[in-house]
Structures are given as C-alpha cells and as structure tokens.
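Student: You'll find upload16.cif just under this line, and it carries mmCIF, C-alpha atoms and all ligand atoms.
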```
data_entry
loop_
_atom_site.label_atom_id
_atom_site.label_comp_id
_atom_site.auth_asym_id
_atom_site.auth_seq_id
_atom_site.Cartn_x
_atom_site.Cartn_y
_atom_site.Cartn_z
CA MET B 10 91.36 160.85 35.89
CA GLN B 11 91.06 157.10 35.35
CA ARG B 12 93.81 155.12 33.75
CA THR B 13 93.96 151.39 33.07
CA TYR B 14 97.10 149.27 33.09
CA LYS B 15 97.17 145.80 31.62
CA PHE B 16 99.78 143.21 32.59
CA ARG B 17 100.37 139.66 31.53
CA LEU B 18 99.98 136.97 34.19
CA TYR B 19 101.77 133.62 34.28
CA PRO B 20 99.68 131.42 36.56
CA THR B 21 100.79 127.89 37.43
CA LYS B 22 98.59 124.94 36.46
CA LYS B 23 96.91 125.03 39.85
CA GLU B 24 96.37 128.79 39.70
CA GLN B 25 94.93 128.46 36.20
CA GLU B 26 92.46 125.93 37.54
CA ASN B 27 91.52 128.33 40.32
CA ILE B 28 91.04 131.20 37.90
CA HIS B 29 88.79 129.10 35.67
CA PHE B 30 86.87 127.91 38.68
CA VAL B 31 86.18 131.47 39.87
CA LEU B 32 85.30 132.57 36.37
CA GLU B 33 82.79 129.77 35.92
CA ARG B 34 81.24 130.43 39.33
CA CYS B 35 80.86 134.10 38.43
CA ARG B 36 79.29 133.27 35.11
CA LEU B 37 76.77 130.90 36.64
CA LEU B 38 75.91 133.49 39.25
CA TYR B 39 75.48 136.15 36.59
CA ASN B 40 73.07 134.00 34.61
CA ARG B 41 71.19 133.03 37.75
CA LEU B 42 70.78 136.65 38.84
CA LEU B 43 69.62 137.62 35.37
CA ASP B 44 67.09 134.80 35.42
CA GLU B 45 65.79 135.93 38.81
CA ARG B 46 65.37 139.47 37.58
CA ILE B 47 63.42 138.30 34.56
CA VAL B 48 61.20 135.97 36.62
CA ALA B 49 60.53 138.61 39.29
CA TYR B 50 59.45 141.02 36.64
CA LYS B 51 57.28 138.58 34.70
CA GLN B 52 55.56 137.00 37.67
CA ARG B 53 55.28 139.87 40.10
CA GLY B 54 55.95 142.93 37.98
CA GLN B 55 58.76 143.66 40.38
CA SER B 56 62.21 144.86 39.41
CA LEU B 57 65.06 143.66 41.59
CA SER B 58 67.68 146.22 42.51
CA TYR B 59 71.40 145.86 42.94
CA TYR B 60 71.04 145.98 46.72
CA GLU B 61 68.28 143.40 46.83
CA GLN B 62 70.33 140.99 44.77
CA LYS B 63 73.51 141.68 46.69
CA ALA B 64 71.71 140.86 49.94
CA THR B 65 71.04 137.33 48.69
CA LEU B 66 74.74 136.43 48.47
CA PRO B 67 75.25 135.13 52.05
CA GLU B 68 72.26 132.84 51.72
CA ARG B 69 73.45 131.51 48.37
CA LYS B 70 76.73 130.54 49.97
CA GLN B 71 74.77 128.33 52.34
CA TYR B 72 73.31 126.14 49.66
CA ILE B 73 76.12 126.52 47.06
CA PRO B 74 79.31 125.90 49.10
CA GLU B 75 81.46 126.44 45.97
CA LEU B 76 80.70 130.14 46.25
CA LYS B 77 82.78 130.22 49.42
CA CYS B 78 85.81 129.56 47.21
CA VAL B 79 85.31 132.94 45.52
CA HIS B 80 86.37 136.20 47.16
CA SER B 81 83.18 137.85 48.43
CA GLN B 82 83.80 141.18 46.71
CA VAL B 83 84.32 139.39 43.42
CA LEU B 84 80.81 137.99 43.81
CA GLN B 85 79.43 141.41 44.67
CA HIS B 86 80.99 142.73 41.53
CA VAL B 87 79.04 140.18 39.49
CA VAL B 88 75.83 141.66 40.90
CA GLN B 89 77.11 145.09 39.97
CA ARG B 90 78.03 143.97 36.47
CA LEU B 91 74.52 142.76 35.82
CA ASP B 92 73.08 145.96 37.26
CA LYS B 93 75.28 147.99 34.93
CA ALA B 94 74.11 145.93 31.97
CA TYR B 95 70.53 146.80 32.93
CA GLN B 96 71.27 150.47 33.35
CA ALA B 97 73.02 150.56 29.99
CA PHE B 98 70.04 148.87 28.43
CA PHE B 99 67.58 151.42 29.83
CA ARG B 100 69.81 154.32 28.88
CA ARG B 101 70.01 153.13 25.27
CA PHE B 102 66.29 152.49 25.27
CA LYS B 103 65.56 156.02 26.53
CA ASN B 104 67.87 157.53 23.94
CA GLY B 105 66.05 155.67 21.22
CA GLU B 106 69.15 153.66 20.33
CA LYS B 107 69.18 149.99 19.49
CA ALA B 108 68.76 148.50 22.95
CA GLY B 109 69.81 144.87 23.35
CA PHE B 110 68.38 143.36 26.51
CA PRO B 111 71.01 141.87 28.89
CA ARG B 112 71.74 138.32 27.80
CA PHE B 113 72.65 135.05 29.37
CA LYS B 114 76.37 134.50 29.01
CA PRO B 115 77.77 131.38 27.41
CA GLU B 116 81.29 130.42 28.45
CA SER B 117 82.72 132.05 25.36
CA ARG B 118 81.26 135.44 26.32
CA TYR B 119 82.35 135.56 29.92
CA ASN B 120 86.09 136.03 30.24
CA SER B 121 86.78 138.21 33.26
CA PHE B 122 86.06 138.88 36.92
CA THR B 123 86.89 141.85 39.10
CA TYR B 124 88.19 142.58 42.57
CA PRO B 125 86.52 145.95 43.12
CA GLN B 126 88.51 147.04 46.17
CA SER B 127 90.43 144.44 48.06
CA GLY B 128 91.56 140.85 47.83
CA PHE B 129 94.54 141.61 45.65
CA SER B 130 97.99 143.10 46.12
CA ILE B 131 101.16 143.45 44.09
CA GLU B 132 104.11 141.88 45.85
CA GLY B 133 107.29 142.15 43.85
CA LYS B 134 106.97 139.95 40.79
CA HIS B 135 103.73 138.44 41.99
CA LEU B 136 100.12 139.41 42.27
CA ARG B 137 98.46 137.98 45.32
CA LEU B 138 94.84 137.13 44.56
CA SER B 139 92.51 136.01 47.28
CA LYS B 140 91.24 132.44 46.73
CA ILE B 141 93.52 132.01 43.72
CA GLY B 142 97.15 132.27 44.71
CA HIS B 143 100.41 134.10 44.32
CA VAL B 144 100.46 134.62 40.54
CA ARG B 145 103.56 135.66 38.66
CA ILE B 146 102.99 138.99 36.90
CA ARG B 147 105.05 140.83 34.30
CA LEU B 148 105.06 144.44 35.44
CA HIS B 149 106.53 146.18 32.41
CA ARG B 150 105.82 149.47 34.16
CA GLN B 151 104.64 150.55 37.57
CA PRO B 152 100.99 151.53 37.73
CA GLN B 153 100.64 155.13 38.82
CA GLY B 154 98.16 156.60 41.23
CA MET B 155 95.72 154.75 43.42
CA ILE B 156 94.76 151.28 42.21
CA LYS B 157 90.98 151.06 42.46
CA THR B 158 90.08 147.75 40.88
CA CYS B 159 91.80 144.64 39.59
CA THR B 160 90.22 142.65 36.77
CA ILE B 161 91.48 139.21 35.83
CA MET B 162 90.92 138.44 32.20
CA ILE B 163 91.54 135.52 29.85
CA LYS B 164 92.03 136.24 26.19
CA ASN B 165 93.29 133.82 23.55
CA ASP B 166 94.40 131.44 26.30
CA LYS B 167 96.52 134.14 27.93
CA TYR B 168 95.95 135.61 31.36
CA TYR B 169 95.95 139.31 32.20
CA ALA B 170 95.43 141.60 35.15
CA CYS B 171 93.96 145.02 34.44
CA PHE B 172 94.30 147.69 37.10
CA SER B 173 92.10 150.71 37.00
CA CYS B 174 93.89 153.61 38.68
CA GLU B 175 92.86 157.04 39.78
CA ILE B 176 95.53 159.58 38.87
CA GLU B 177 95.58 163.21 39.75
CA SER B 178 95.80 165.22 36.59
CA VAL B 179 98.81 167.47 36.36
CA PRO B 180 98.38 170.49 34.10
CA LEU B 181 101.33 171.14 31.80
CA PRO B 182 102.87 174.60 31.56
CA ALA B 183 100.74 176.72 29.24
CA SER B 184 101.56 176.65 25.54
CA GLU B 185 100.54 179.24 22.98
CA LYS B 186 101.30 176.88 20.14
CA ARG B 187 98.39 175.81 17.98
CA ILE B 188 98.12 173.01 15.51
CA GLY B 189 95.64 171.53 13.02
CA ILE B 190 95.73 167.86 12.11
CA ASP B 191 94.58 166.15 8.96
CA LEU B 192 94.20 162.41 9.38
CA GLY B 193 95.59 160.51 6.43
CA ILE B 194 95.34 157.10 4.90
CA THR B 195 98.89 156.35 3.83
CA LYS B 196 100.26 158.25 6.82
CA LEU B 197 98.60 158.55 10.18
CA ALA B 198 98.41 162.33 10.04
CA VAL B 199 99.82 165.56 8.59
CA THR B 200 99.96 168.71 10.69
CA SER B 201 99.45 172.36 9.78
CA ASP B 202 103.19 172.80 10.46
CA GLY B 203 103.84 170.39 7.62
CA GLU B 204 104.96 167.58 9.87
CA ARG B 205 104.08 163.99 8.98
CA ILE B 206 103.21 161.32 11.46
CA GLU B 207 103.89 158.12 9.58
CA SER B 208 102.08 154.85 10.04
CA PRO B 209 104.87 152.88 11.62
CA HIS B 210 106.72 150.25 9.63
CA PHE B 211 106.31 147.49 12.14
CA LEU B 212 102.57 147.79 11.71
CA ARG B 213 102.80 147.47 7.95
CA LYS B 214 105.01 144.44 8.32
CA CYS B 215 102.56 142.87 10.73
CA GLU B 216 99.72 143.57 8.37
CA GLU B 217 101.40 141.53 5.66
CA LYS B 218 101.84 138.73 8.15
CA LEU B 219 98.17 139.03 9.06
CA LYS B 220 97.17 138.60 5.44
CA ARG B 221 99.32 135.47 5.15
CA LYS B 222 97.83 133.95 8.29
CA GLN B 223 94.34 134.81 7.08
CA ARG B 224 95.03 132.87 3.89
CA ALA B 225 96.44 129.98 5.89
CA VAL B 226 93.18 129.78 7.82
CA SER B 227 91.01 129.76 4.72
CA LYS B 228 93.03 126.93 3.18
CA LYS B 229 92.52 124.58 6.12
CA MET B 230 89.50 122.35 6.33
CA ARG B 231 86.57 123.53 8.39
CA GLY B 232 86.39 121.84 11.77
CA SER B 233 89.90 120.43 11.49
CA ASN B 234 92.41 120.66 14.26
CA ARG B 235 94.88 122.48 12.04
CA ARG B 236 92.32 125.09 11.18
CA TYR B 237 91.58 125.59 14.85
CA LYS B 238 95.28 126.12 15.48
CA ALA B 239 95.58 128.56 12.59
CA VAL B 240 92.58 130.54 13.86
CA ARG B 241 94.22 130.76 17.26
CA GLU B 242 97.44 132.05 15.76
CA LEU B 243 95.56 134.60 13.73
CA ALA B 244 93.70 135.87 16.80
CA ARG B 245 96.99 136.24 18.68
CA LEU B 246 98.57 138.19 15.88
CA HIS B 247 95.52 140.43 15.65
CA GLU B 248 95.89 141.18 19.31
CA LYS B 249 99.60 141.89 18.97
CA VAL B 250 98.99 144.33 16.12
CA ALA B 251 96.24 146.06 18.10
CA ASN B 252 98.58 146.45 21.08
CA GLN B 253 101.41 147.85 18.98
CA ARG B 254 99.05 150.28 17.33
CA LYS B 255 97.86 151.43 20.72
CA ASP B 256 101.40 151.92 22.03
CA TYR B 257 102.27 153.95 18.99
CA ALA B 258 99.15 156.10 19.29
CA HIS B 259 100.00 156.68 22.96
CA LYS B 260 103.48 157.91 22.11
CA GLU B 261 102.48 160.18 19.25
CA SER B 262 99.56 161.68 21.14
CA ARG B 263 101.81 162.39 24.13
CA LYS B 264 104.22 164.35 21.91
CA LEU B 265 101.40 166.47 20.50
CA VAL B 266 99.86 167.24 23.87
CA ASN B 267 103.22 168.17 25.40
CA ASP B 268 103.91 170.62 22.62
CA TYR B 269 100.64 172.29 21.73
CA GLY B 270 98.11 174.21 23.78
CA PHE B 271 95.43 174.09 21.09
CA ILE B 272 94.83 171.05 18.90
CA ALA B 273 92.30 170.87 16.06
CA PHE B 274 91.01 167.69 14.44
CA GLU B 275 88.43 166.89 11.84
CA ASP B 276 85.38 165.37 13.45
CA LEU B 277 85.40 161.75 12.30
CA ASN B 278 81.74 161.31 13.10
CA ILE B 279 80.63 163.68 10.41
CA GLN B 280 83.25 162.49 7.99
CA GLY B 281 81.29 161.49 4.89
CA MET B 282 84.03 159.16 3.75
CA VAL B 283 83.39 156.66 6.49
CA LYS B 284 80.41 155.55 4.42
CA ASN B 285 82.72 154.44 1.66
CA HIS B 286 83.44 150.83 2.48
CA HIS B 287 86.94 150.70 1.12
CA LEU B 288 88.06 153.83 2.90
CA ALA B 289 86.28 152.77 6.06
CA LYS B 290 88.56 149.76 6.24
CA SER B 291 91.62 151.95 5.93
CA ILE B 292 90.31 154.20 8.67
CA ALA B 293 89.89 151.27 10.99
CA ASP B 294 93.34 150.04 10.02
CA CYS B 295 95.27 153.19 10.62
CA GLY B 296 93.84 153.60 14.07
CA TRP B 297 92.56 157.16 13.84
CA ASN B 298 89.96 156.63 16.46
CA GLY B 299 92.47 155.51 19.04
CA PHE B 300 94.78 158.36 18.18
CA VAL B 301 92.09 161.03 18.48
CA LYS B 302 90.78 159.49 21.68
CA PHE B 303 94.25 159.43 23.27
CA VAL B 304 95.00 163.01 22.29
CA THR B 305 91.63 164.12 23.66
CA TYR B 306 91.93 162.57 27.10
CA LYS B 307 95.60 163.43 27.52
CA ALA B 308 94.82 167.01 26.52
CA GLU B 309 91.95 167.16 28.97
CA SER B 310 94.05 166.15 31.94
CA ALA B 311 96.85 168.51 30.91
CA GLY B 312 94.58 171.53 30.53
CA ARG B 313 94.94 171.68 26.74
CA GLN B 314 92.17 172.50 24.34
CA VAL B 315 91.01 170.08 21.64
CA VAL B 316 88.48 171.22 19.04
CA LYS B 317 86.85 169.07 16.38
CA VAL B 318 85.50 170.61 13.21
CA ASN B 319 83.38 169.55 10.28
CA PRO B 320 85.94 168.55 7.68
CA TYR B 321 83.65 169.37 4.75
CA GLY B 322 85.65 171.12 2.03
CA THR B 323 88.87 171.31 4.02
CA SER B 324 90.89 169.48 1.40
CA GLN B 325 89.46 171.50 -1.51
CA ARG B 326 89.63 174.99 -0.07
CA CYS B 327 92.80 177.07 -0.42
CA SER B 328 94.09 177.88 3.04
CA ASN B 329 95.74 181.04 1.68
CA CYS B 330 92.89 182.76 -0.20
CA GLY B 331 89.78 180.68 0.52
CA GLU B 332 89.16 179.79 -3.11
CA THR B 333 87.88 176.27 -3.86
CA VAL B 334 90.38 174.23 -5.84
CA LYS B 335 88.72 170.98 -6.93
CA LYS B 336 90.99 167.95 -6.96
CA SER B 337 90.53 164.21 -6.89
CA LEU B 338 92.08 162.02 -4.20
CA THR B 339 95.00 161.08 -6.45
CA ILE B 340 96.21 164.68 -6.70
CA ARG B 341 98.53 165.14 -3.75
CA ILE B 342 99.52 168.77 -4.30
CA HIS B 343 97.31 171.76 -3.71
CA GLN B 344 98.03 174.42 -6.31
CA CYS B 345 95.96 177.59 -6.31
CA SER B 346 95.64 180.46 -8.80
CA CYS B 347 96.67 182.79 -5.96
CA GLY B 348 100.14 181.27 -6.25
CA TYR B 349 99.94 179.16 -3.10
CA VAL B 350 101.34 175.65 -3.46
CA ALA B 351 101.36 173.09 -0.65
CA ASP B 352 101.02 169.44 0.12
CA ARG B 353 97.35 168.54 -0.14
CA ASP B 354 97.09 167.29 3.44
CA GLU B 355 99.07 170.15 4.91
CA ASN B 356 96.69 172.61 3.23
CA ALA B 357 93.78 170.66 4.74
CA ALA B 358 95.40 170.72 8.18
CA ILE B 359 95.75 174.51 8.02
CA ASN B 360 92.07 174.79 7.08
CA ILE B 361 91.14 172.59 10.02
CA LEU B 362 93.09 174.80 12.40
CA LYS B 363 91.49 177.94 10.94
CA LEU B 364 87.99 176.52 11.29
CA ALA B 365 88.67 175.47 14.87
CA LEU B 366 89.93 178.93 15.80
CA GLN B 367 86.79 180.48 14.25
CA ASN B 368 84.62 178.09 16.25
CA VAL B 369 86.09 179.10 19.58
CA SER B 370 86.45 182.84 19.04
ZN ZN B 401 94.57 180.39 -3.06
#
```
Is it possible to give me this structure as structure tokens?
Ligand SMILES: [Zn+2]
Tutor:
Amino acid sequence: MQRTYKFRLYPTKKEQENIHFVLERCRLLYNRLLDERIVAYKQRGQSLSYYEQKATLPERKQYIPELKCVHSQVLQHVVQRLDKAYQAFFRRFKNGEKAGFPRFKPESRYNSFTYPQSGFSIEGKHLRLSKIGHVRIRLHRQPQGMIKTCTIMIKNDKYYACFSCEIESVPLPASEKRIGIDLGITKLAVTSDGERIESPHFLRKCEEKLKRKQRAVSKKMRGSNRRYKAVRELARLHEKVANQRKDYAHKESRKLVNDYGFIAFEDLNIQGMVKNHHLAKSIADCGWNGFVKFVTYKAESAGRQVVKVNPYGTSQRCSNCGETVKKSLTIRIHQCSCGYVADRDENAAINILKLALQNVS
C-alpha cells in the first residue's frame, strides 16, 4: 500500500535559491520536451517515447551546462512526468472523457520536482538533497515503510517535502461488527448505532475566519499591494483549514475501521442532491469525500469490507417496517405508523446498512 507523508521544510536563503533554480530548470525542460514531442509528431508523424526522450538528457547537459546543477534522476523524472501526462490524456480520450492535451507550463503551474529513488536522505532534523543542500525539516512524525520517492513542493511561499512510502498492509483481527453511515450536513455523519460524528468546532471557527478574510479581500482595490497580501493570507488559511479537515477525517476513519468489519456508505456519486448547488457547497465543506476515501483505503489494507449503496429513498423509508414516510429536510425525526420513532439520520443509516447487506448476500 502507498502512503504519502508531507513535511514542512525550512530552507535557508541559499537553499531557497537552489530549489527555485532546480524548479525552473525542470519547468523549462518539461516545456522543451513537450515541444519536441509536438514537433516530431507534426513534422514526421512520429511519437517520441519516454525512453527516447530520456536518452537525450546526457547530450542536453553538454549544451545546457545549467542542467548539471540538477540531480540527474530529478531530470529523468521530468521526462516521466510528461510521459504520464500523455498517457493520462490518451486514457481520457479512449474513455470518451474530456481530454485536455498536455500543456506548456507557466511558472505558476509548475511547483514541484521529484527525486524518484535517490539523491535524498533524512538525517536527523535535516533532509539532505543532492544539488540543493542540507535543508531543515520538521518531522512531526516518522514516515513508515520504505520511502520510494521524495517530492519537493512550493505552495503559498512555503516549502514542503512529500515522501511516498510503500507500507505492508497489516490485517486487523476480524470483527463481526457491522455499521451503516449516513453522511450529514450539520454533522459529518450519523451511524446505524445512533452515534454522531460531529463536524469539529475548530473547523467551524476557521470557516468564520475564512469568511472574514474573504470580505477583506473584496474590499481592497484590485491590483493593489494590500489586496495581494490579503489574497495570500486567504490562501494560507484555506490550506490550513484543508489540512485540519484532513487530519480529522484521518482520525475518525481510523476509529471506524478499527471497530467494524463491515462498513456501509451511501454512494455519493449517485447522490441526486449533489446537483443542488447550495447543498453541493455544504458537501464540499464538510469533507465527505475525504472521509469516505480514507475509510475505504484504510479498510482495504486492514481486510475490512466497505460497501456503497444507492441512497435513493433511504431517508424516507422506515427501517423497521419498510413503509415510506415522506418528510421534508426540516423534519429531523422519523416517526412511522408502525410505532417506530428514531432520529431521521439514524433511520437512514440503518437503511443503508440493510441495503448493503442485501447487496453482498
Ligand atoms: Zn415503520
């Protein structure tokens, strides 16, 4: 199983210069390679492969000496990145999806480079990067498993190292416990056991702050320095909120996967409500997608089963007798003529679990 760890870097002025230098060299190479692919195809009807392009690197170093100041594998990875962009393009094209052709990258769209194998090592509080330096790193946890690649990334003027690690998956002891989960708007989720997973307070607080910053931006004059600064601050806060949300989703999904052997969700892709603009915003805000994704991959590596069901009718149907009890979104209690009374979302969660069990049996 793959797992990615992201750590903040604190490069010195000189190291920052080196990072930007490598980044710019990679970007220019990327654009050059893309151009050569396009020209080869237009003029000779020939498509250049990864290997053909990779083989040109030593020669390029002869007439562009700056390339010698970039770790050779980092350059190879640029060739690979372009090749991947091509493959993705053809795959989308074949699947009849909207297929954007690989594009030339302006500076604003090229913010990372990768050491695919070697040229980097963690040494105490520093990350040694070939051709860059001995960069201070904040390791808030130790990466587990085998580190495969190291990507250096710049975002909102901050520097990060992302390690992609290969971890052996360890199955958890079997669990007979089963649970259905209804994703909510005011809370993150309600389970068929009647448990609530709240949207955390710190997120709500941050959201208020976000709104204030957003207003601050719109009040400043376009093109002004102060507006630029406000935009920067807003972007940083956005990132902070996204990180907190992710941490929270990680924790909550871990709890679920540790406890339950069978987990049922509504399938968000066939959720009709996503079409509703207002609700769609809430969905994005409460981070359902991340939550479901985390549960799914954690469950997979732990040998748990996750089933997604069509949520149609799950909030209207009585989980006790199967009767349909129509109710608008404002009615929070499910009350059936059979005598069954429950929280609206809990009733839905039980229906989701039932549907999932039917689907697998
Ligand atoms: Zn009923």
Student: Counting all atoms listed in the file, which residues of chain B fall within 7 Å of ligand ZN 401 (chain B), and what is the closest atom pair for each with its distance in Å at one decimal, ordered by chain and rising number, as a tab-separated table?
Tutor:
```
residue	atom	partner	partner_atom	distance
B:Cys327	CA	B:ZN401	ZN	4.6
B:Ser328	CA	B:ZN401	ZN	6.6
B:Asn329	CA	B:ZN401	ZN	4.9
B:Cys330	CA	B:ZN401	ZN	4.1
B:Gly331	CA	B:ZN401	ZN	6.0
B:Glu332	CA	B:ZN401	ZN	5.4
B:Cys345	CA	B:ZN401	ZN	4.5
B:Ser346	CA	B:ZN401	ZN	5.8
B:Cys347	CA	B:ZN401	ZN	4.3
B:Gly348	CA	B:ZN401	ZN	6.5
B:Tyr349	CA	B:ZN401	ZN	5.5
```
Student: Record the distance separating CA of Glu216 (chain B) and CA of Arg235 (chain B), expressed in Å with one decimal.
Tutor: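 Distance reported for this atom pair: 21.9 Å.
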Student: Would you compute the distance between CA of Leu212 (chain B) and CA of Ile361 (chain B)? Give it in Å to one decimal.
Tutor: 27.4 Å
Student: For region 70-78 of chain B, take all atoms listed in the file, fit an axis-aligned box around them, add 6 Å to each of the six sides, then output centre and edge lengths in Å rounded to one decimal, as AutoDock Vina command-line options.
Tutor:
```
--center_x 79.6 --center_y 128.2 --center_z 49.2 --size_x 24.5 --size_y 16.6 --size_z 18.4
```
Student: For Gly299 (chain B), which residue out of B:Leu265, B:Met230, B:Ile340, B:Leu197 is the nearest one, using only C-alpha atoms?
Tutor: B:Leu197
Student: Which of these, B:Arg205, B:Arg313, B:Arg69, B:Lys114, has the shortest distance to Asp268 (chain B) once you count all atoms listed in the file?
Tutor: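 With all atoms listed in the file as the atom set, the closest residue is B:Arg313.
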Student: Report, in Å with one decimal, the straight-line distance from CA of Ala273 (chain B) to CA of Tyr14 (chain B).
Tutor: 27.9 Å
Student: Between B:Gly189, B:Pro182, B:Gly270, B:Pro115, which has the minimum distance to Leu32 (chain B) (counting only C-alpha atoms)?
Tutor: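 Using only C-alpha atoms, Leu32 (chain B) sits closest to B:Pro115.
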Student: Could you name the residues that touch Gln126 (chain B) at 12 Å or less, counting only C-alpha atoms, but leaving out those on the same chain fewer than 6 positions away, as a list in words?
Tutor: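 Non-adjacent residues within range: His80, Ser81, Gln82, Val83, Gln85, His86, Leu138, Ser139, Met155, Ile156, Lys157, Thr158, Cys159, Thr160, Phe172, Ser173 and Cys174 of chain B.
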Student: Give the answer as one residue: which of B:Tyr39, B:Lys255, B:Cys171, B:Gln52 has the shortest atom-to-atom distance to Leu136 (chain B), using all atoms listed in the file?
Tutor: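 Among B:Tyr39, B:Lys255, B:Cys171, B:Gln52, it is B:Cys171 that comes nearest to Leu136 (chain B).
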Student: May I ask which of the residues B:Ser127, B:Asn120, B:Asn267, B:Ser58 is the closest one to Gln96 (chain B), counting only C-alpha atoms?
Tutor: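 Going through B:Ser127, B:Asn120, B:Asn267, B:Ser58 one by one, the smallest distance to Gln96 (chain B) is for B:Ser58.
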Student: For Thr65 (chain B), which residue out of B:Arg41, B:Lys196, B:Arg100, B:Arg245 is the nearest one, using only C-alpha atoms?
Tutor: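 When distances to Thr65 (chain B) are compared using only C-alpha atoms, the smallest one comes from B:Arg41.
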Student: Which residues, written as a list in words, have at least one atom at most 8 Å from Val87 (chain B), with all atoms listed in the file counted and residues fewer than 5 positions away on the same chain left out?
Tutor: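 Surrounding residues, per the criterion: Cys35, Leu38, Tyr39 and Phe122 of chain B.
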Student: Can you tell me, as a PDB file with C-alpha atoms, in the coordinates of the input, what residues are no more than 10 Å from Val316 (chain B) when counting only C-alpha atoms, ignoring any on the same chain fewer than 2 positions away?
Tutor:
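Everything below was put into around.pdb:
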```
ATOM      1  CA  GLY B 189      95.640 171.530  13.020  1.00  0.00           C
ATOM      2  CA  PHE B 271      95.430 174.090  21.090  1.00  0.00           C
ATOM      3  CA  ILE B 272      94.830 171.050  18.900  1.00  0.00           C
ATOM      4  CA  ALA B 273      92.300 170.870  16.060  1.00  0.00           C
ATOM      5  CA  PHE B 274      91.010 167.690  14.440  1.00  0.00           C
ATOM      6  CA  GLU B 275      88.430 166.890  11.840  1.00  0.00           C
ATOM      7  CA  ASP B 276      85.380 165.370  13.450  1.00  0.00           C
ATOM      8  CA  THR B 305      91.630 164.120  23.660  1.00  0.00           C
ATOM      9  CA  GLN B 314      92.170 172.500  24.340  1.00  0.00           C
ATOM     10  CA  VAL B 318      85.500 170.610  13.210  1.00  0.00           C
ATOM     11  CA  ILE B 361      91.140 172.590  10.020  1.00  0.00           C
ATOM     12  CA  LEU B 362      93.090 174.800  12.400  1.00  0.00           C
ATOM     13  CA  LEU B 364      87.990 176.520  11.290  1.00  0.00           C
ATOM     14  CA  ALA B 365      88.670 175.470  14.870  1.00  0.00           C
ATOM     15  CA  LEU B 366      89.930 178.930  15.800  1.00  0.00           C
ATOM     16  CA  ASN B 368      84.620 178.090  16.250  1.00  0.00           C
ATOM     17  CA  VAL B 369      86.090 179.100  19.580  1.00  0.00           C
TER      18      VAL B 369
END
```
